[in-house]
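final.cif follows (mmCIF, C-alpha atoms):
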data_coords
loop_
_atom_site.label_atom_id
_atom_site.label_comp_id
_atom_site.auth_asym_id
_atom_site.auth_seq_id
_atom_site.Cartn_x
_atom_site.Cartn_y
_atom_site.Cartn_z
CA MET V 281 -67.94 -4.79 14.04
CA ALA V 282 -71.28 -6.20 12.97
CA LYS V 283 -70.65 -9.34 14.96
CA LEU V 284 -69.90 -7.31 18.06
CA ARG V 285 -73.18 -5.48 17.97
CA VAL V 286 -75.11 -8.72 17.51
CA LEU V 287 -73.38 -10.19 20.53
CA VAL V 288 -74.19 -7.17 22.65
CA GLN V 289 -77.82 -7.32 21.62
CA ARG V 290 -78.09 -10.99 22.36
CA ARG V 291 -76.50 -10.56 25.74
CA LYS V 292 -78.96 -7.83 26.58
CA ALA V 293 -81.87 -10.02 25.50
CA VAL V 294 -80.67 -12.93 27.62
CA ARG V 295 -80.21 -10.60 30.59
CA ASN V 296 -83.82 -9.47 30.27
CA ILE V 297 -84.99 -13.06 30.05
CA ARG V 298 -83.02 -13.90 33.15
CA LYS V 299 -84.70 -11.06 34.99
CA ILE V 300 -88.10 -12.39 33.98
CA THR V 301 -87.40 -16.01 34.88
CA ARG V 302 -85.86 -14.96 38.17
CA THR V 303 -89.01 -13.00 39.05
CA MET V 304 -91.20 -15.90 38.01
CA GLU V 305 -89.16 -18.18 40.22
CA LEU V 306 -89.72 -15.89 43.20
CA ILE V 307 -93.43 -15.58 42.48
CA ALA V 308 -93.76 -19.35 42.18
CA GLY V 309 -91.91 -19.65 45.47
CA THR V 310 -94.34 -17.47 47.37
CA ARG V 311 -97.35 -19.03 45.66
CA PHE V 312 -96.01 -22.44 46.57
CA ARG V 313 -95.72 -21.48 50.21
CA ARG V 314 -99.28 -20.17 50.18
CA ALA V 315 -100.57 -23.31 48.50
CA LEU V 316 -98.73 -25.48 50.98
CA ASP V 317 -100.24 -23.54 53.88
CA ARG V 318 -103.67 -24.24 52.44
CA ALA V 319 -102.86 -27.91 52.08
CA ILE V 320 -101.70 -28.02 55.69
CA ALA V 321 -104.81 -26.17 56.85
CA ALA V 322 -106.92 -28.81 55.12
CA ARG V 323 -105.15 -31.42 57.23
CA ASP V 324 -107.19 -30.53 60.33
CA TYR V 325 -110.41 -31.12 58.45
CA ALA V 326 -109.06 -34.36 57.01
CA TYR V 327 -108.15 -35.55 60.46
CA SER V 328 -111.51 -34.67 61.99
CA ILE V 329 -113.62 -36.19 59.24
CA ASN V 330 -111.43 -39.24 59.39
CA GLU V 331 -111.98 -39.61 63.13
CA ILE V 332 -115.73 -39.21 62.93
CA ALA V 333 -115.94 -41.70 60.07
CA ALA V 334 -113.77 -44.22 61.90
CA ASP V 335 -115.93 -43.96 65.03
CA LEU V 336 -119.05 -44.25 62.90
CA ALA V 337 -117.74 -47.35 61.16
CA LYS V 338 -117.32 -49.00 64.57
CA ASN V 339 -120.96 -48.34 65.41
CA VAL V 340 -122.59 -49.16 62.11
CA THR V 341 -122.81 -52.86 61.43
CA GLU V 342 -123.32 -52.51 57.71
CA VAL V 343 -121.69 -49.67 55.84
CA SER V 344 -123.78 -49.06 52.79
CA HIS V 345 -124.35 -46.01 50.68
CA PRO V 346 -125.18 -45.54 46.98
CA LEU V 347 -121.81 -43.90 46.42
CA LEU V 348 -120.00 -46.87 47.91
CA ILE V 349 -121.47 -49.50 45.60
CA GLN V 350 -119.08 -50.82 42.96
CA ARG V 351 -120.80 -51.26 39.61
CA ASN V 352 -119.94 -54.21 37.49
CA PRO V 353 -119.36 -54.10 34.57
CA VAL V 354 -118.23 -50.52 34.21
CA LYS V 355 -119.69 -49.23 30.95
CA ASN V 356 -119.30 -45.48 31.13
CA SER V 357 -116.59 -43.74 32.99
CA LEU V 358 -115.43 -40.20 33.35
CA LEU V 359 -111.89 -38.96 33.69
CA LEU V 360 -111.13 -35.55 35.12
CA ILE V 361 -107.70 -34.28 34.18
CA ILE V 362 -106.31 -31.52 36.33
CA CYS V 363 -103.65 -29.46 34.56
CA SER V 364 -102.58 -25.87 34.92
CA ASN V 365 -103.91 -22.82 33.12
CA ARG V 366 -100.45 -21.50 32.42
CA GLY V 367 -97.33 -23.05 31.00
CA LEU V 368 -93.68 -22.49 31.83
CA CYS V 369 -93.72 -25.12 34.51
CA GLY V 370 -91.41 -27.75 33.09
CA GLY V 371 -92.80 -31.22 32.60
CA TYR V 372 -95.75 -30.68 34.92
CA ASN V 373 -98.56 -30.72 32.35
CA ALA V 374 -96.80 -33.11 29.98
CA SER V 375 -96.39 -35.82 32.61
CA ILE V 376 -100.03 -35.63 33.69
CA LEU V 377 -101.22 -35.74 30.07
CA ARG V 378 -98.93 -38.66 29.30
CA GLU V 379 -100.34 -40.63 32.22
CA ALA V 380 -103.89 -39.73 31.22
CA THR V 381 -103.55 -40.59 27.52
CA GLN V 382 -102.01 -43.93 28.40
CA HIS V 383 -104.96 -44.60 30.66
CA LEU V 384 -107.35 -43.57 27.90
CA LYS V 385 -105.72 -45.97 25.44
CA GLU V 386 -106.16 -48.86 27.85
CA PHE V 387 -109.83 -48.01 28.05
CA GLN V 388 -110.26 -47.84 24.30
CA ASN V 389 -108.82 -51.33 24.12
CA ASP V 390 -111.41 -52.50 26.64
CA GLN V 391 -114.24 -51.18 24.44
CA GLN V 392 -115.56 -48.94 27.18
CA THR V 393 -116.61 -45.38 26.77
CA MET V 394 -114.54 -42.88 28.62
CA ARG V 395 -115.64 -39.29 28.75
CA LEU V 396 -113.28 -36.49 29.55
CA ASP V 397 -113.50 -33.52 31.83
CA LEU V 398 -110.62 -31.12 31.57
CA SER V 399 -109.44 -28.59 34.07
CA GLY V 400 -106.83 -26.08 32.98
CA ARG V 401 -106.16 -24.44 29.62
CA ARG V 402 -103.11 -26.61 28.97
CA ALA V 403 -105.15 -29.79 29.00
CA ILE V 404 -107.87 -28.20 26.86
CA ASN V 405 -105.37 -27.12 24.19
CA PHE V 406 -103.71 -30.52 24.20
CA PHE V 407 -106.93 -32.43 23.57
CA LYS V 408 -108.07 -29.86 21.04
CA SER V 409 -104.94 -30.55 19.00
CA GLN V 410 -105.58 -34.28 19.38
CA LYS V 411 -109.15 -33.73 18.18
CA VAL V 412 -110.62 -35.64 21.09
CA SER V 413 -114.15 -34.73 22.11
CA VAL V 414 -114.53 -33.48 25.62
CA ARG V 415 -117.54 -33.29 27.93
CA GLN V 416 -116.73 -30.28 30.08
CA THR V 417 -113.87 -27.89 30.51
CA TYR V 418 -112.99 -25.75 33.48
CA THR V 419 -110.54 -22.88 33.64
CA GLN V 420 -111.60 -21.27 36.89
CA PHE V 421 -109.12 -23.17 39.06
CA GLU V 422 -105.94 -21.17 39.58
CA ASP V 423 -103.32 -21.48 42.28
CA LYS V 424 -105.94 -20.93 44.99
CA PRO V 425 -108.83 -23.32 44.36
CA THR V 426 -111.68 -22.54 46.76
CA TYR V 427 -113.81 -25.19 48.35
CA ALA V 428 -116.98 -23.61 46.98
CA GLN V 429 -115.70 -24.00 43.40
CA VAL V 430 -114.64 -27.59 43.91
CA GLU V 431 -117.86 -28.43 45.71
CA GLN V 432 -119.91 -27.42 42.67
CA LEU V 433 -117.87 -29.72 40.52
CA ALA V 434 -118.09 -32.56 43.04
CA GLU V 435 -121.85 -32.16 43.35
CA ASP V 436 -122.15 -32.44 39.60
CA PHE V 437 -120.09 -35.63 39.67
CA ILE V 438 -122.09 -37.12 42.53
CA ARG V 439 -125.33 -36.35 40.72
CA MET V 440 -124.08 -37.97 37.52
CA TYR V 441 -122.99 -41.02 39.43
CA ALA V 442 -126.22 -41.27 41.38
CA ILE V 443 -128.44 -41.24 38.30
CA GLY V 444 -126.23 -43.83 36.64
CA GLU V 445 -124.92 -41.66 33.85
CA VAL V 446 -121.44 -42.86 34.70
CA ASP V 447 -120.28 -45.94 36.55
CA ARG V 448 -116.91 -44.64 37.57
CA ILE V 449 -115.23 -41.27 37.97
CA GLU V 450 -111.49 -40.93 38.02
CA VAL V 451 -109.16 -38.01 38.55
CA ALA V 452 -105.73 -37.58 36.97
CA TYR V 453 -103.57 -35.07 38.80
CA MET V 454 -100.11 -34.44 40.15
CA ARG V 455 -100.01 -35.80 43.64
CA PHE V 456 -97.85 -34.05 46.17
CA TYR V 457 -95.88 -36.46 48.32
CA SER V 458 -93.07 -34.23 49.48
CA LEU V 459 -91.08 -31.21 48.38
CA SER V 460 -88.90 -33.36 46.19
CA ARG V 461 -91.47 -35.89 45.06
CA GLN V 462 -94.63 -35.29 43.04
CA ARG V 463 -96.05 -37.96 40.79
CA PRO V 464 -98.86 -37.98 38.27
CA VAL V 465 -101.53 -40.35 39.54
CA ILE V 466 -104.98 -41.53 38.52
CA GLU V 467 -107.29 -42.03 41.45
CA THR V 468 -110.84 -43.24 41.59
CA LEU V 469 -113.16 -40.63 43.03
CA LEU V 470 -116.38 -42.61 42.69
CA PRO V 471 -117.35 -45.26 43.70
CA PHE V 472 -115.96 -44.28 47.02
CA THR V 473 -114.49 -47.13 49.02
CA ALA V 474 -115.51 -47.78 52.59
CA GLU V 475 -111.90 -47.69 53.77
CA GLU V 476 -111.52 -44.27 52.26
CA VAL V 477 -114.44 -42.97 54.27
CA SER V 478 -112.66 -43.86 57.46
CA LYS V 479 -109.45 -42.53 56.01
CA GLY V 480 -111.09 -39.19 55.43
CA GLY V 481 -110.88 -39.05 51.68
CA GLY V 482 -107.32 -40.13 51.23
CA THR V 483 -104.42 -38.90 53.27
CA THR V 484 -101.40 -37.22 51.82
CA ALA V 485 -97.92 -37.06 53.16
CA VAL V 486 -98.82 -33.89 54.99
CA SER V 487 -101.73 -35.39 56.83
CA SER V 488 -100.40 -38.84 57.67
CA ASN V 489 -98.13 -37.58 60.42
CA ALA V 490 -100.95 -35.92 62.28
CA THR V 491 -103.13 -39.01 61.99
CA THR V 492 -100.64 -41.34 63.59
CA ALA V 493 -99.78 -38.87 66.32
CA THR V 494 -103.33 -38.35 67.49
CA SER V 495 -104.66 -41.85 67.03
CA ILE V 496 -102.48 -42.93 69.95
CA SER V 497 -104.13 -40.49 72.30
CA LYS V 498 -107.57 -41.69 71.25
CA SER V 499 -109.44 -43.12 74.21
CA PRO V 500 -110.69 -46.63 73.52
CA SER V 501 -114.01 -46.26 75.32
CA ALA V 502 -115.89 -43.65 73.37
CA ASP V 503 -119.51 -44.71 73.54
CA TYR V 504 -121.19 -42.29 71.23
CA ASP V 505 -124.69 -40.98 71.07
CA PHE V 506 -125.75 -40.29 67.52
CA LEU V 507 -128.00 -37.51 66.39
CA PRO V 508 -130.09 -38.38 64.39
CA SER V 509 -128.65 -41.89 63.92
CA ALA V 510 -125.38 -43.47 62.93
CA SER V 511 -126.60 -44.56 59.52
CA GLU V 512 -128.08 -41.17 58.72
CA ILE V 513 -124.86 -39.42 59.63
CA LEU V 514 -123.00 -41.91 57.48
CA ALA V 515 -125.26 -41.06 54.57
CA GLU V 516 -124.23 -37.44 54.98
CA ILE V 517 -120.57 -37.98 55.61
CA VAL V 518 -119.89 -40.07 52.49
CA PRO V 519 -120.63 -37.23 50.05
CA ALA V 520 -118.79 -34.79 52.33
CA ALA V 521 -115.70 -37.02 52.31
CA CYS V 522 -115.98 -37.42 48.54
CA LYS V 523 -116.15 -33.67 47.97
CA PHE V 524 -113.25 -33.19 50.27
CA LYS V 525 -111.22 -35.75 48.37
CA LEU V 526 -111.68 -33.81 45.16
CA PHE V 527 -110.74 -30.63 46.99
CA LYS V 528 -107.59 -32.32 48.21
CA CYS V 529 -106.76 -33.31 44.62
CA TYR V 530 -106.97 -29.66 43.63
CA LEU V 531 -104.88 -28.54 46.59
CA ASP V 532 -102.22 -31.11 45.74
CA ALA V 533 -102.28 -30.05 42.10
CA ALA V 534 -101.83 -26.40 43.07
CA VAL V 535 -98.86 -27.17 45.30
CA SER V 536 -97.24 -29.44 42.69
CA GLU V 537 -97.72 -26.87 39.94
CA GLN V 538 -95.94 -24.17 41.88
CA ILE V 539 -93.08 -26.51 42.76
CA ALA V 540 -92.72 -27.50 39.10
CA ARG V 541 -92.78 -23.88 38.00
CA ARG V 542 -90.23 -22.84 40.57
CA ILE V 543 -87.86 -25.61 39.55
CA ALA V 544 -88.31 -24.87 35.83
CA MET V 545 -87.73 -21.17 36.34
CA LYS V 546 -84.73 -21.79 38.53
CA ALA V 547 -83.19 -23.94 35.79
CA ALA V 548 -84.00 -21.27 33.21
CA THR V 549 -82.35 -18.58 35.33
CA GLU V 550 -79.24 -20.69 35.72
CA ASN V 551 -79.17 -21.41 31.99
CA ALA V 552 -79.47 -17.73 31.25
CA ALA V 553 -76.54 -16.99 33.57
CA ASP V 554 -74.42 -19.58 31.73
CA LEU V 555 -75.45 -18.14 28.41
CA ILE V 556 -74.52 -14.62 29.51
CA LYS V 557 -71.11 -15.87 30.59
CA ASP V 558 -70.58 -17.53 27.21
CA LEU V 559 -71.76 -14.50 25.27
CA SER V 560 -69.54 -12.20 27.33
CA ARG V 561 -66.55 -14.39 26.58
CA GLN V 562 -67.34 -14.39 22.85
CA TYR V 563 -67.86 -10.65 22.92
CA ASN V 564 -64.55 -10.01 24.66
CA ARG V 565 -62.70 -12.29 22.31
CA ALA V 566 -64.21 -10.60 19.27
CA ARG V 567 -63.44 -7.17 20.71
CA GLN V 568 -59.85 -8.16 21.40
CA ALA V 569 -59.47 -9.61 17.89
CA ASN V 570 -60.78 -6.34 16.47
CA ILE V 571 -58.28 -4.28 18.47
CA THR V 572 -55.39 -6.53 17.49
CA ARG V 573 -56.40 -6.27 13.87
CA GLU V 574 -56.65 -2.51 14.04
CA ILE V 575 -53.23 -2.23 15.66
CA SER V 576 -51.64 -4.49 13.11
CA GLU V 577 -53.32 -2.46 10.34
CA LEU V 578 -51.93 0.73 11.86
CA ILE V 579 -48.45 -0.74 12.13
CA GLY V 580 -48.75 -2.08 8.61
CA GLY V 581 -49.76 1.41 7.41
CA ALA V 582 -46.90 3.07 9.28
CA GLU V 583 -44.42 0.56 7.85
CA ALA V 584 -45.69 1.26 4.34
CA LEU V 585 -45.22 5.03 4.81
CA LYS V 586 -41.53 4.59 5.66
CA MET J 234 -109.36 -61.12 99.57
CA VAL J 235 -108.59 -58.17 101.75
CA LEU J 236 -105.92 -57.14 99.34
CA SER J 237 -108.24 -57.17 96.36
CA ASN J 238 -110.80 -55.11 98.28
CA TRP J 239 -108.18 -52.56 99.04
CA ASN J 240 -107.26 -52.48 95.38
CA LEU J 241 -110.84 -51.90 94.41
CA SER J 242 -111.31 -49.00 96.77
CA SER J 243 -108.12 -47.37 95.60
CA ALA J 244 -109.26 -47.74 92.01
CA LYS J 245 -112.55 -46.11 92.92
CA GLU J 246 -110.76 -43.32 94.68
CA SER J 247 -108.55 -42.59 91.70
CA LYS J 248 -111.59 -42.62 89.48
CA ILE J 249 -113.35 -40.09 91.68
CA LYS J 250 -110.23 -37.95 91.74
CA LYS J 251 -110.01 -38.13 87.99
CA MET J 252 -113.64 -37.10 87.68
CA ALA J 253 -113.02 -34.21 90.01
CA THR J 254 -110.17 -32.92 87.91
CA GLU J 255 -112.21 -33.47 84.80
CA SER J 256 -115.06 -31.38 86.12
CA ASN J 257 -112.61 -28.54 86.56
CA MET J 258 -111.59 -29.06 82.99
CA GLN J 259 -112.83 -26.65 80.42
CA LEU J 260 -114.39 -27.44 77.14
CA LYS J 261 -112.33 -26.99 74.05
CA CYS J 262 -114.05 -25.89 70.90
CA VAL J 263 -112.49 -26.60 67.51
CA ILE J 264 -114.09 -25.40 64.30
CA VAL J 265 -112.55 -26.53 61.02
CA THR J 266 -113.47 -26.00 57.40
CA PRO J 267 -111.71 -27.57 54.41
CA GLU J 268 -109.91 -24.29 53.81
CA ARG J 269 -108.79 -23.33 57.28
CA SER J 270 -109.13 -23.80 61.02
CA VAL J 271 -111.57 -21.18 62.18
CA LEU J 272 -111.34 -21.59 65.92
CA ASP J 273 -109.39 -23.62 68.45
CA GLU J 274 -109.84 -22.37 71.98
CA ALA J 275 -111.24 -23.05 75.42
CA ALA J 276 -114.88 -22.37 76.20
CA ASP J 277 -117.29 -22.52 79.11
CA MET J 278 -120.22 -23.45 76.96
CA VAL J 279 -120.86 -24.20 73.30
CA ILE J 280 -124.26 -24.03 71.67
CA LEU J 281 -124.48 -26.03 68.47
CA PRO J 282 -127.14 -25.56 65.81
CA MET J 283 -128.17 -29.16 65.24
CA PHE J 284 -130.37 -30.30 62.36
CA ASP J 285 -133.42 -30.28 64.67
CA GLY J 286 -132.65 -27.40 67.01
CA GLU J 287 -129.99 -26.03 69.27
CA LEU J 288 -127.88 -28.16 71.56
CA GLY J 289 -126.03 -26.69 74.52
CA VAL J 290 -122.78 -28.38 75.46
CA LEU J 291 -121.18 -27.99 78.89
CA PRO J 292 -118.03 -29.67 80.16
CA LYS J 293 -118.30 -33.43 80.76
CA HIS J 294 -120.87 -33.90 78.02
CA SER J 295 -121.28 -37.51 76.95
CA PRO J 296 -119.60 -38.48 73.67
CA LEU J 297 -121.75 -37.57 70.71
CA ILE J 298 -121.66 -37.37 66.95
CA GLY J 299 -124.34 -35.29 65.35
CA ARG J 300 -125.40 -33.61 62.20
CA LEU J 301 -125.50 -29.85 62.15
CA GLY J 302 -128.04 -27.68 60.45
CA LYS J 303 -127.97 -24.14 59.23
CA GLY J 304 -127.73 -21.69 62.08
CA GLU J 305 -125.71 -19.87 64.64
CA LEU J 306 -123.00 -21.47 66.73
CA ARG J 307 -122.24 -19.69 69.99
CA VAL J 308 -119.10 -20.14 72.04
CA THR J 309 -119.24 -18.65 75.54
CA GLN J 310 -116.09 -17.92 77.47
CA HIS J 311 -115.94 -15.61 80.53
CA ASN J 312 -119.35 -14.17 79.67
CA GLN J 313 -118.16 -13.28 76.21
CA VAL J 314 -120.01 -14.84 73.34
CA LYS J 315 -118.53 -15.54 69.95
CA LYS J 316 -120.98 -16.22 67.20
CA PHE J 317 -120.45 -18.10 63.96
CA ARG J 318 -122.79 -18.81 61.10
CA ILE J 319 -122.69 -22.48 60.21
CA GLU J 320 -123.99 -24.11 57.06
CA GLY J 321 -124.52 -27.72 57.98
CA GLY J 322 -121.76 -30.18 58.73
CA PHE J 323 -120.97 -32.45 61.64
CA ALA J 324 -120.13 -32.11 65.30
CA GLN J 325 -118.22 -34.51 67.49
CA ILE J 326 -118.03 -34.27 71.25
CA ARG J 327 -115.46 -36.39 73.00
CA ALA J 328 -113.34 -35.92 76.11
CA ASN J 329 -114.41 -32.30 76.55
CA VAL J 330 -113.48 -31.44 72.99
CA VAL J 331 -116.17 -30.18 70.65
CA THR J 332 -115.08 -30.58 67.05
CA VAL J 333 -117.20 -28.87 64.42
CA LEU J 334 -116.73 -29.78 60.78
CA THR J 335 -118.41 -27.47 58.40
CA VAL J 336 -118.05 -26.13 54.90
CA GLN J 337 -118.75 -22.54 55.75
CA ALA J 338 -118.19 -20.84 59.10
CA SER J 339 -118.10 -17.09 59.30
CA ALA J 340 -117.84 -15.04 62.46
CA ASN J 341 -120.52 -12.47 63.03
#
Just dump the structure as structure tokens.
Amino acid sequence: MAKLRVLVQRRKAVRNIRKITRTMELIAGTRFRRALDRAIAARDYAYSINEIAADLAKNVTEVSHPLLIQRNPVKNSLLLIICSNRGLCGGYNASILREATQHLKEFQNDQQTMRLDLSGRRAINFFKSQKVSVRQTYTQFEDKPTYAQVEQLAEDFIRMYAIGEVDRIEVAYMRFYSLSRQRPVIETLLPFTAEEVSKGGGTTAVSSNATTATSISKSPSADYDFLPSASEILAEIVPAACKFKLFKCYLDAAVSEQIARRIAMKAATENAADLIKDLSRQYNRARQANITREISELIGGAEALK
Amino acid sequence: MVLSNWNLSSAKESKIKKMATESNMQLKCVIVTPERSVLDEAADMVILPMFDGELGVLPKHSPLIGRLGKGELRVTQHNQVKKFRIEGGFAQIRANVVTVLTVQASAN
């Protein structure tokens, strides 16, 4: 009898867990859709900034900007790792951290100093347990990173780069390629490359379609007037493109996180269902064995009374 | 010789025709921020707050790329004016399309 009760309790517990994981799956699903909408909305901006920069590049003979200059040798660099604040999203955080630590090791071999900026509680806890010193931590980025938040961060980075505190700034995050493909990547945020300016701060899978579609309709003879001047606009557009690139990293990370969480929770729900089936079978078997035993005891008792 | 002349005049004619249809064309005003598209509609006139003062844009404006300042952007359509507060950014005018890139654009 004791075994029966344990089985019933376990089954109840698993049922509750399934309810929770199922709800989390649904929540992740809606959050994912919202995050994807934001990523798609950012596509228009990406396309426009890309077009302006491309037209500018045609009119400026020499593209030069402090943020575009590659520094050699690179002595100090900064790595921003974008993880999530919350867990229960499968291998999402682990794969980013694996990529980042591998990158860090390569740097330690090169005898360069690499400082760390961490975004997301998961990354902070990981490096705390590794006892690695960290420059800055951020936990304000949830599933809806706002441009104003990211801009602050980007301005800080640009300032650090401009005064020569760091020679390179990189970002490790989960890049969103498609629904079924997200990969942890490490991208260089600064120095910005001239091609990236005309690419509008890196295009993702979402934006590339729009770019090709509209570049065909572009009229070849656009003879622009510039206010105030092409080079001055360029000086403004490089930081804007850089900030936008970081924003895009955060948008991608948000989308990827929700996808990872949805998949993890879906798997957990399915596991729970399997477990319930197993437990039910065990319970029924035990119950049946109990009944059989009781009957045979009864018969045995009746036989003995004869 | 005669043939080429005829060709030329027909080319001119088509150009004039094209210009005529273009002058009937309306402006299109597109305002985008990194977070969303704020506006994408036709307009009779757009007044942009440039870094050094306001710039009125009517249909058939010459292509232009300019830096925006802080100020009010006004989009006029059928005597109705829509106003937006803009915090810097860029504007591009090409083929009767005014594209405004800005970080912050709020209707007021």
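Comparing J:Met283, J:Leu272, J:Val333, J:Leu291 by their smallest distance to Gln259 (chain J), the closest is J:Leu291 (using all atoms listed in the file).
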message: I'd like the contact shell of Arg298 (chain V) - 8 Å cut-off, all atoms listed in the file, skipping same-chain residues fewer than 2 positions apart - returned as a list in words.
response: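 Answer for this query is Val294, Arg295, Asn296, Ile300, Thr301, Arg302, Ala548, Thr549, Ala552 and Ala553 of chain V.
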Convert the current residue selection to file output with C-alpha atoms, as an mmCIF file, in the coordinates of the input.
data_model
loop_
_atom_site.group_PDB
_atom_site.id
_atom_site.type_symbol
_atom_site.label_atom_id
_atom_site.label_comp_id
_atom_site.auth_asym_id
_atom_site.auth_seq_id
_atom_site.Cartn_x
_atom_site.Cartn_y
_atom_site.Cartn_z
ATOM 1 C CA VAL V 294 -80.670 -12.930 27.620
ATOM 2 C CA ARG V 295 -80.210 -10.600 30.590
ATOM 3 C CA ASN V 296 -83.820 -9.470 30.270
ATOM 4 C CA ILE V 300 -88.100 -12.390 33.980
ATOM 5 C CA THR V 301 -87.400 -16.010 34.880
ATOM 6 C CA ARG V 302 -85.860 -14.960 38.170
ATOM 7 C CA ALA V 548 -84.000 -21.270 33.210
ATOM 8 C CA THR V 549 -82.350 -18.580 35.330
ATOM 9 C CA ALA V 552 -79.470 -17.730 31.250
ATOM 10 C CA ALA V 553 -76.540 -16.990 33.570
#
query: Mind telling me what the PyMOL selection byres ((chain V) within 9 of (chain J)) catches here, as a count of residues only?
result: 35
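You will find CA of Cys363 (chain V) at 8.4 Å from CA of Glu537 (chain V).
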message: Using all atoms listed in the file, which protein or nucleic acid residues come within 12 Å of region 303-309 of chain V? Drop anything in the same chain fewer than 6 positions from it, and give the result as a ChimeraX atom specification.
response: /V:296-297,315-316,367-369,423,459,534-550
task: Apply the PyMOL selection byres ((chain J and resi 305-312) around 7) to the displayed file and report the matching residues as a list in words.
output: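 Applied to this file, the PyMOL selection byres ((chain J and resi 305-312) around 7) returns Ala276, Asp277, Met278, Val279, Ile280, Leu281, Pro282, Gly304, Gln313, Val314, Lys315, Lys316, Phe317, Arg318 and Ile319 of chain J.
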Atoms to include: C-alpha atoms. Write the selected residues as a PDB file, in the frame of the given file.
ATOM      1  CA  ALA J 276    -114.880 -22.370  76.200  1.00  0.00           C
ATOM      2  CA  ASP J 277    -117.290 -22.520  79.110  1.00  0.00           C
ATOM      3  CA  MET J 278    -120.220 -23.450  76.960  1.00  0.00           C
ATOM      4  CA  VAL J 279    -120.860 -24.200  73.300  1.00  0.00           C
ATOM      5  CA  ILE J 280    -124.260 -24.030  71.670  1.00  0.00           C
ATOM      6  CA  LEU J 281    -124.480 -26.030  68.470  1.00  0.00           C
ATOM      7  CA  PRO J 282    -127.140 -25.560  65.810  1.00  0.00           C
ATOM      8  CA  GLY J 304    -127.730 -21.690  62.080  1.00  0.00           C
ATOM      9  CA  GLN J 313    -118.160 -13.280  76.210  1.00  0.00           C
ATOM     10  CA  VAL J 314    -120.010 -14.840  73.340  1.00  0.00           C
ATOM     11  CA  LYS J 315    -118.530 -15.540  69.950  1.00  0.00           C
ATOM     12  CA  LYS J 316    -120.980 -16.220  67.200  1.00  0.00           C
ATOM     13  CA  PHE J 317    -120.450 -18.100  63.960  1.00  0.00           C
ATOM     14  CA  ARG J 318    -122.790 -18.810  61.100  1.00  0.00           C
ATOM     15  CA  ILE J 319    -122.690 -22.480  60.210  1.00  0.00           C
TER      16      ILE J 319
END
- request: Write out as a list of chain:residue names each polymer residue whose atoms come within 10 Å of Ser511 (chain V), counting all atoms listed in the file; drop sequence neighbours fewer than 6 positions from it.
  value: V:Leu336, V:Ala337, V:Asn339, V:Val340, V:Thr341, V:Glu342, V:Val343, V:Ser344, V:His345, V:Ile517
Output file for the selection above: C-alpha atoms, as a PDB file, in the frame of the given file:
ATOM      1  CA  LEU V 336    -119.050 -44.250  62.900  1.00  0.00           C
ATOM      2  CA  ALA V 337    -117.740 -47.350  61.160  1.00  0.00           C
ATOM      3  CA  ASN V 339    -120.960 -48.340  65.410  1.00  0.00           C
ATOM      4  CA  VAL V 340    -122.590 -49.160  62.110  1.00  0.00           C
ATOM      5  CA  THR V 341    -122.810 -52.860  61.430  1.00  0.00           C
ATOM      6  CA  GLU V 342    -123.320 -52.510  57.710  1.00  0.00           C
ATOM      7  CA  VAL V 343    -121.690 -49.670  55.840  1.00  0.00           C
ATOM      8  CA  SER V 344    -123.780 -49.060  52.790  1.00  0.00           C
ATOM      9  CA  HIS V 345    -124.350 -46.010  50.680  1.00  0.00           C
ATOM     10  CA  ILE V 517    -120.570 -37.980  55.610  1.00  0.00           C
TER      11      ILE V 517
END
- prompt: At what distance in Å, to one decimal, does CA of Gly321 (chain J) lie from CA of Lys303 (chain J)?
  reply: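 The value is 5.1 Å.
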task: Measure the distance from CA of Phe312 (chain V) to CA of Met454 (chain V) in Å and round it to one decimal.
output: 14.2 Å
message: Take the PyMOL selection byres ((chain V and resi 416) around 12), run it mentally on this structure, and tell me the resulting residues as a list in words.
response: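 When the PyMOL selection byres ((chain V and resi 416) around 12) is applied, the selected residues are Leu358, Leu359, Leu360, Ile361, Arg395, Leu396, Asp397, Leu398, Ser399, Gly400, Ala403, Ile404, Phe407, Ser413, Val414, Arg415, Thr417, Tyr418, Thr419, Leu433, Asp436 and Phe437 of chain V.
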task: Please identify all polymer residues within 7 Å of Cys262 (chain J), counting only C-alpha atoms, omitting same-chain residues fewer than 3 positions from it, and present them as a PyMOL selection string.
output: chain J and resi 273-276+330-332
- prompt: Within 12 Å of (-96.2, -35.5, 40.5), in the coordinates the file gives, what residues turn up when you count all atoms listed in the file, written out as a ChimeraX atom specification?
  reply: /V:362-363,370-379,452-466,529,532-540
Return as AutoDock Vina command-line options the centre and edge lengths, in Å with one decimal, of the box along x, y and z that encloses every atom of region 412-420 of chain V in the file, padded by 3 Å per side.
--center_x -114.0 --center_y -28.5 --center_z 29.0 --size_x 13.0 --size_y 20.4 --size_z 21.8
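Distances here use only C-alpha atoms; by that measure, the residue among V:Gly581, V:Gly444, V:Pro346, V:Pro353 closest to Ala515 (chain V) is V:Pro346.
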